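Presented below is the structure to which this report refers.
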Amino acid sequence: MPIIKSAAKRVRQDVKRTRINNRYRREMHDRVKAVVDATAKGDKKSAEAGLPLAQKAIDKAVKKGAIHKNTASRKKASLNKKVKEALASKKTTAKATTKKPATKKSAAKKSS
């Protein structure tokens, strides 16, 4: 326990700021996880709806100083990539079933 008054005040401020930072980080984590879970399940609508909310929570955490701006940028880019891949995989699986497989004759002609 600190003896000097200014050190005691610092401890009180640290506790208060830690609580505030944890609240913003927790909100960010929960919203990001909701989007990631939705993409894993293939729920396109909730992933698209949750993406702006997750980005907003990340931006708010940066504004309040809970996380660094580069960390936020990395998280947002990763989240966008996951959502785009999930949406693209839905579209490509539908297209992949309609395409005809390539014939082996064309591959044989190229090699000779």
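Going by the structure tokens order, chains are called A, B, ..., each with residues numbered from 1, while ligands are numbered from 1 in the order shown.
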
Long-range neighbours of Ala47 (chain A) as a PyMOL selection string, 6 Å cut-off, only C-alpha atoms, 3 positions minimum in chain:
chain A and resi 35+38-39+44+50

Spatial neighbours of Pro52 (chain A), 10 Å, only C-alpha atoms, chain gap at least 4 places, as a list in words:
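Selected residues are Arg31, Val35, Ala47, Glu48, Lys56, Ala57, Ile58, Lys76 and Asn80 of chain A.
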
Would you mind telling me which residue in A:Ser46, A:Asn22, A:Ser78, A:Ser6 lies nearest to Gly65 (chain A) when using only C-alpha atoms?
A:Asn22

Please provide as number ranges by chain all residues within 12 Å of Ala72 (chain A), with the sequence filter that same-chain residues fewer than 6 positions apart are discarded (counting only C-alpha atoms).
A: 25, 28-29, 32, 54-63, 65-66, 78-79

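Pairwise distance (CA of Gly42 (chain A), CA of Ala86 (chain A)) equals 6.8 Å.
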
To one decimal in Å, tell me the separation between CA of Val15 (chain A) and CA of Ile3 (chain A).
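CA of Ile3 (chain A) lies 17.0 Å from CA of Val15 (chain A).
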
Could you jot down the CA of Asn21 (chain A) to CA of His68 (chain A) separation for me, Å, one decimal place?
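CA of His68 (chain A) lies at a distance of 11.8 Å from CA of Asn21 (chain A).
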